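So the structure is just underneath, and the comments pick up after that.
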Amino acid sequence: MNIQRPRGTNDILPEETGKWQFVEAKIRELCRRYGYQEIRTPVFEHTELFVRGIGEATDIVEKEMYAFTDRSGRSLALRPEGTAGVVRAFVEHRLDARSLPVKLYYLGPMFRYEKPQAGRYRQFAQFGVEAIGSIDPFLDVEMIMLPIELYRACGLDGFQVQVNSIGCPKCRVQYREALLKHLGANVDQFCPNCRRRIERNPLRVLDCKEEKCRALVGQVPLITDYLCLECADHFQQVKEYLDQLGIDYVLNPQLVRGLDYYTKTVFEITVPTLGAQNAIGAGGRYDGLVEEVGGKPLPAVGYAVGLERLLLALDQQAGRYYEEPRPDAYVAHFGGVTKAKAVEIVTDLRRRGLWVEMDYLGRSLKAQMKSADKLGCRSAVIIGESELERQIVKVRHMATGDEQDVKLDQIAAYLTADREEHGA
Ligand code: AMP
């Protein structure tokens, strides 16, 4: 049997990479304007980092990690998300000595052993941003704004922003008690996963996707009623900034997120038309993580966007949202001296910055024109022996079929002018 790609992974074929590059270019441009610099961390880390950072009782750590032992007996794991690695690097390289907040972004593959379906993969790409070293509620709002600006810049609309505050460990003690008291009455009716969660980390129950559990949590006490003064005030300021800047959002007091490191503000952005996997981005504050990973107690906030889902949403909303680049010219020849001249012309044009294709299979002129068409070349440069004697070539405009004689030393200028006139 032929070997196929592992379940839950994707090959991004050449005709798809243009879309990715389009979104990646928007990301880099956005980060430049907001002052976030790129950081690249390893795709695998010590397993312990994720256990401590993301939380032992989370689905990601309990069930979804690609953890393995290397040949020296170390326990390593493919990163299931980007924040823990970025914070580890921040602490390891003492980035806290820099001007705070340190503003970083990353882009790259993440790995989770999840049940694959549309929009949910085992290897997926995330773009994420982290701002470490400030408690300013405006920074929480900046984190909500960044993905919104990205979606808009890509041409997406119809997304919804949900916001909540899950408080700090202080407020959660009381909330946990209230929640346990409430859940306790119905413990037996929850799914086996939730029954375990109730024992280990009851907040997780709010995140369960099972219909039965969702119905049971319907009337649970709300975390927002248990916030300490500081968290309540922080949340109030976040909402005021959101209102002041005219950002549309809904409050969802049951939003908890699947990672334990979050504190205070959490948010999720969804595209309802995407179906079951409709979250295209999410984030929040994580004021305890830097210390948890061995650094100073520094507050931080961040978010991550799932790029496959963003592209699915863009595809769904139809319309051409990015320009597919096309070759400037196809250089056609008839072998012999015309081929010798063709390689010279092709090389020269490429050095001058043009995208030029040619025939490598010794095909007929008709077949070469077909190739030029298929490749979407704007023009064909036809090199015939009799034209060569006159130091010219024929340039055919593929869309109209119009032909024109162009002097050999004028080809680059002619094609460049044509590209400027008819778009890249
Ligand atoms: P999380 O790190 O779980 O907060 O996820 C952040 C974003 O990454 C989500 O909103 C999704 O867009 C994306 N994402 C998370 N898990 C997957 C997955 N298994 N496949 C594709 N995208 C994912």
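Residue numbering restarts at 1 in every chain; chains get A, B, ... in the order shown in the structure tokens, and ligands count up from 1 in that same order.
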
Quiz prompt | Neighbourhood of ligand 1 at 7 Å, counting only C-alpha atoms and all ligand atoms, reported as a list of chain:residue names | solution =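 Counting only C-alpha atoms and all ligand atoms, the residues within 7 Å of ligand 1 come out as A:Glu81, A:Arg112, A:Glu114, A:Gly119, A:Arg120, A:Tyr121, A:Arg122, A:Gln123, A:Phe124, A:Ala125, A:Gln126, A:Arg257, A:Gly258, A:Glu268, A:Ala279, A:Ile280, A:Gly281, A:Ala282, A:Gly283, A:Ala304, A:Val305, A:Gly306, A:Leu307, A:Glu308, A:Arg309.
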
Quiz item: Can you tell me, as a VMD selection string, what residues are no more than 6 Å from range 54-69 of chain A when counting only C-alpha atoms, ignoring any on the same chain fewer than 3 positions away?
Solution: chain A and resid 50 to 51 73 to 78 112 to 114 259 to 261

Let me see the file: selected residues, N, CA and C atoms, as a short mmCIF file (atom, residue, chain, number, x, y, z; two decimals), in the first residue's frame.
```
data_model
loop_
_atom_site.label_atom_id
_atom_site.label_comp_id
_atom_site.auth_asym_id
_atom_site.auth_seq_id
_atom_site.Cartn_x
_atom_site.Cartn_y
_atom_site.Cartn_z
N PHE A 50 4.74 21.91 29.36
CA PHE A 50 3.30 21.98 29.04
C PHE A 50 2.45 21.50 30.21
N VAL A 51 2.96 20.50 30.95
CA VAL A 51 2.21 20.00 32.10
C VAL A 51 2.06 21.13 33.11
N GLY A 73 16.35 9.22 26.87
CA GLY A 73 15.41 9.03 27.96
C GLY A 73 14.71 10.30 28.43
N ARG A 74 14.86 11.42 27.67
CA ARG A 74 14.15 12.66 28.06
C ARG A 74 12.71 12.58 27.62
N SER A 75 11.84 13.16 28.42
CA SER A 75 10.43 13.21 28.01
C SER A 75 10.20 14.54 27.30
N LEU A 76 9.89 14.45 26.01
CA LEU A 76 9.68 15.65 25.19
C LEU A 76 8.27 15.60 24.60
N ALA A 77 7.79 16.75 24.15
CA ALA A 77 6.47 16.77 23.52
C ALA A 77 6.45 17.79 22.39
N LEU A 78 5.77 17.44 21.30
CA LEU A 78 5.55 18.41 20.23
C LEU A 78 4.65 19.49 20.82
N ARG A 112 -1.76 18.44 18.16
CA ARG A 112 -2.65 17.90 19.21
C ARG A 112 -3.28 16.61 18.69
N TYR A 113 -3.28 15.61 19.55
CA TYR A 113 -3.89 14.34 19.16
C TYR A 113 -5.40 14.46 19.40
N GLU A 114 -6.07 15.09 18.45
CA GLU A 114 -7.52 15.29 18.56
C GLU A 114 -8.20 14.44 17.51
N LEU A 259 -7.29 26.05 28.65
CA LEU A 259 -5.93 26.03 29.20
C LEU A 259 -5.96 26.68 30.58
N ASP A 260 -5.26 26.04 31.52
CA ASP A 260 -5.36 26.50 32.91
C ASP A 260 -4.65 27.81 33.19
N TYR A 261 -3.76 28.24 32.29
CA TYR A 261 -2.96 29.40 32.67
C TYR A 261 -3.71 30.71 32.62
#
```

Quiz item: If you run DSSP on this backbone, which residues of range 103-309 of chain A come out as helix (DSSP H, G or I), and could you give them as number ranges by chain?
Solution: A: 137-154, 169-184, 187-189, 192-200, 202-207, 211-217, 223-225, 229-244, 272-274, 289-292, 307-309

Quiz item: Restricting the calculation to only C-alpha atoms, which member of A:Val346, A:Ile392, A:Val293, A:Val205 is positioned closest to Pro192 in chain A?
Solution: A:Val205

With DSSP run on the backbone, what are the strand (DSSP E or B) residues within range 238-323 of chain A? I'd like them as a tab-separated table (two decimals) with N, CA, C and O atoms, in the first residue's frame.
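Result went into states04.tsv, see below:
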```tsv
chain	number	residue	atom	x	y	z
A	250	VAL	N	-19.85	40.26	22.73
A	250	VAL	CA	-20.90	39.82	23.65
A	250	VAL	C	-20.22	39.25	24.89
A	250	VAL	O	-19.14	38.66	24.81
A	251	LEU	N	-20.88	39.45	26.02
A	251	LEU	CA	-20.35	38.88	27.26
A	251	LEU	C	-20.85	37.45	27.35
A	251	LEU	O	-22.03	37.19	27.16
A	263	THR	N	-6.03	33.89	33.37
A	263	THR	CA	-6.55	34.64	34.52
A	263	THR	C	-7.28	35.85	33.96
A	263	THR	O	-7.03	36.25	32.83
A	264	LYS	N	-8.17	36.39	34.74
A	264	LYS	CA	-8.91	37.60	34.33
A	264	LYS	C	-9.53	37.45	32.92
A	264	LYS	O	-10.26	36.50	32.66
A	265	THR	N	-9.16	38.36	32.01
A	265	THR	CA	-9.85	38.40	30.72
A	265	THR	C	-9.62	37.14	29.87
A	265	THR	O	-8.47	36.71	29.70
A	266	VAL	N	-10.69	36.58	29.33
A	266	VAL	CA	-10.55	35.55	28.29
A	266	VAL	C	-11.49	35.93	27.15
A	266	VAL	O	-12.50	36.59	27.38
A	267	PHE	N	-11.13	35.55	25.95
A	267	PHE	CA	-12.02	35.86	24.82
A	267	PHE	C	-11.89	34.81	23.73
A	267	PHE	O	-10.90	34.07	23.67
A	268	GLU	N	-12.92	34.75	22.93
A	268	GLU	CA	-12.92	33.79	21.82
A	268	GLU	C	-13.62	34.46	20.64
A	268	GLU	O	-14.60	35.18	20.83
A	269	ILE	N	-13.11	34.22	19.45
A	269	ILE	CA	-13.74	34.80	18.26
A	269	ILE	C	-14.22	33.65	17.39
A	269	ILE	O	-13.46	32.72	17.10
A	270	THR	N	-15.48	33.70	17.02
A	270	THR	CA	-16.06	32.59	16.25
A	270	THR	C	-16.66	33.10	14.94
A	270	THR	O	-17.03	34.26	14.83
A	279	ALA	N	-14.34	28.28	16.21
A	279	ALA	CA	-13.47	29.27	16.85
A	279	ALA	C	-12.28	29.55	15.95
A	279	ALA	O	-11.53	28.64	15.61
A	280	ILE	N	-12.12	30.81	15.55
A	280	ILE	CA	-10.98	31.12	14.68
A	280	ILE	C	-9.88	31.83	15.46
A	280	ILE	O	-8.82	32.11	14.91
A	281	GLY	N	-10.11	32.11	16.71
A	281	GLY	CA	-9.07	32.73	17.49
A	281	GLY	C	-9.52	32.86	18.93
A	281	GLY	O	-10.72	32.90	19.21
A	282	ALA	N	-8.55	32.88	19.83
A	282	ALA	CA	-8.90	32.96	21.24
A	282	ALA	C	-7.69	33.40	22.03
A	282	ALA	O	-6.55	33.27	21.57
A	283	GLY	N	-7.96	33.92	23.22
A	283	GLY	CA	-6.82	34.32	24.03
A	283	GLY	C	-7.26	34.81	25.38
A	283	GLY	O	-8.41	34.62	25.79
A	284	GLY	N	-6.33	35.47	26.05
A	284	GLY	CA	-6.66	36.01	27.35
A	284	GLY	C	-5.39	36.33	28.13
A	284	GLY	O	-4.28	36.24	27.62
A	285	ARG	N	-5.64	36.73	29.38
A	285	ARG	CA	-4.54	37.12	30.25
A	285	ARG	C	-4.01	35.88	30.98
A	285	ARG	O	-4.77	34.94	31.24
A	300	ALA	N	0.86	38.96	31.96
A	300	ALA	CA	0.99	38.84	30.51
A	300	ALA	C	-0.37	38.57	29.89
A	300	ALA	O	-1.32	38.17	30.57
A	301	VAL	N	-0.46	38.82	28.59
A	301	VAL	CA	-1.72	38.59	27.88
A	301	VAL	C	-1.39	38.20	26.44
A	301	VAL	O	-0.36	38.62	25.91
A	302	GLY	N	-2.23	37.35	25.84
A	302	GLY	CA	-1.93	36.91	24.48
A	302	GLY	C	-3.14	36.29	23.79
A	302	GLY	O	-4.23	36.22	24.37
A	303	TYR	N	-2.95	35.88	22.56
A	303	TYR	CA	-4.01	35.17	21.86
A	303	TYR	C	-3.39	34.36	20.73
A	303	TYR	O	-2.23	34.55	20.36
A	304	ALA	N	-4.19	33.44	20.20
A	304	ALA	CA	-3.73	32.66	19.04
A	304	ALA	C	-4.87	32.52	18.04
A	304	ALA	O	-6.04	32.40	18.42
A	305	VAL	N	-4.50	32.55	16.78
A	305	VAL	CA	-5.46	32.42	15.68
A	305	VAL	C	-5.14	31.12	14.95
A	305	VAL	O	-3.98	30.85	14.65
A	306	GLY	N	-6.15	30.32	14.67
A	306	GLY	CA	-5.94	29.09	13.89
A	306	GLY	C	-6.01	29.43	12.41
A	306	GLY	O	-7.03	29.89	11.91
```

Quiz prompt | Between CA of Lys170 in chain A and CA of Cys231 in chain A - distance in Å to one decimal | solution = 9.6 Å

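Among the candidates A:Leu95, A:Val161, A:Ile345, A:Val393, the residue lying nearest to Ile247 in chain A is A:Val161 (atoms considered: only C-alpha atoms).
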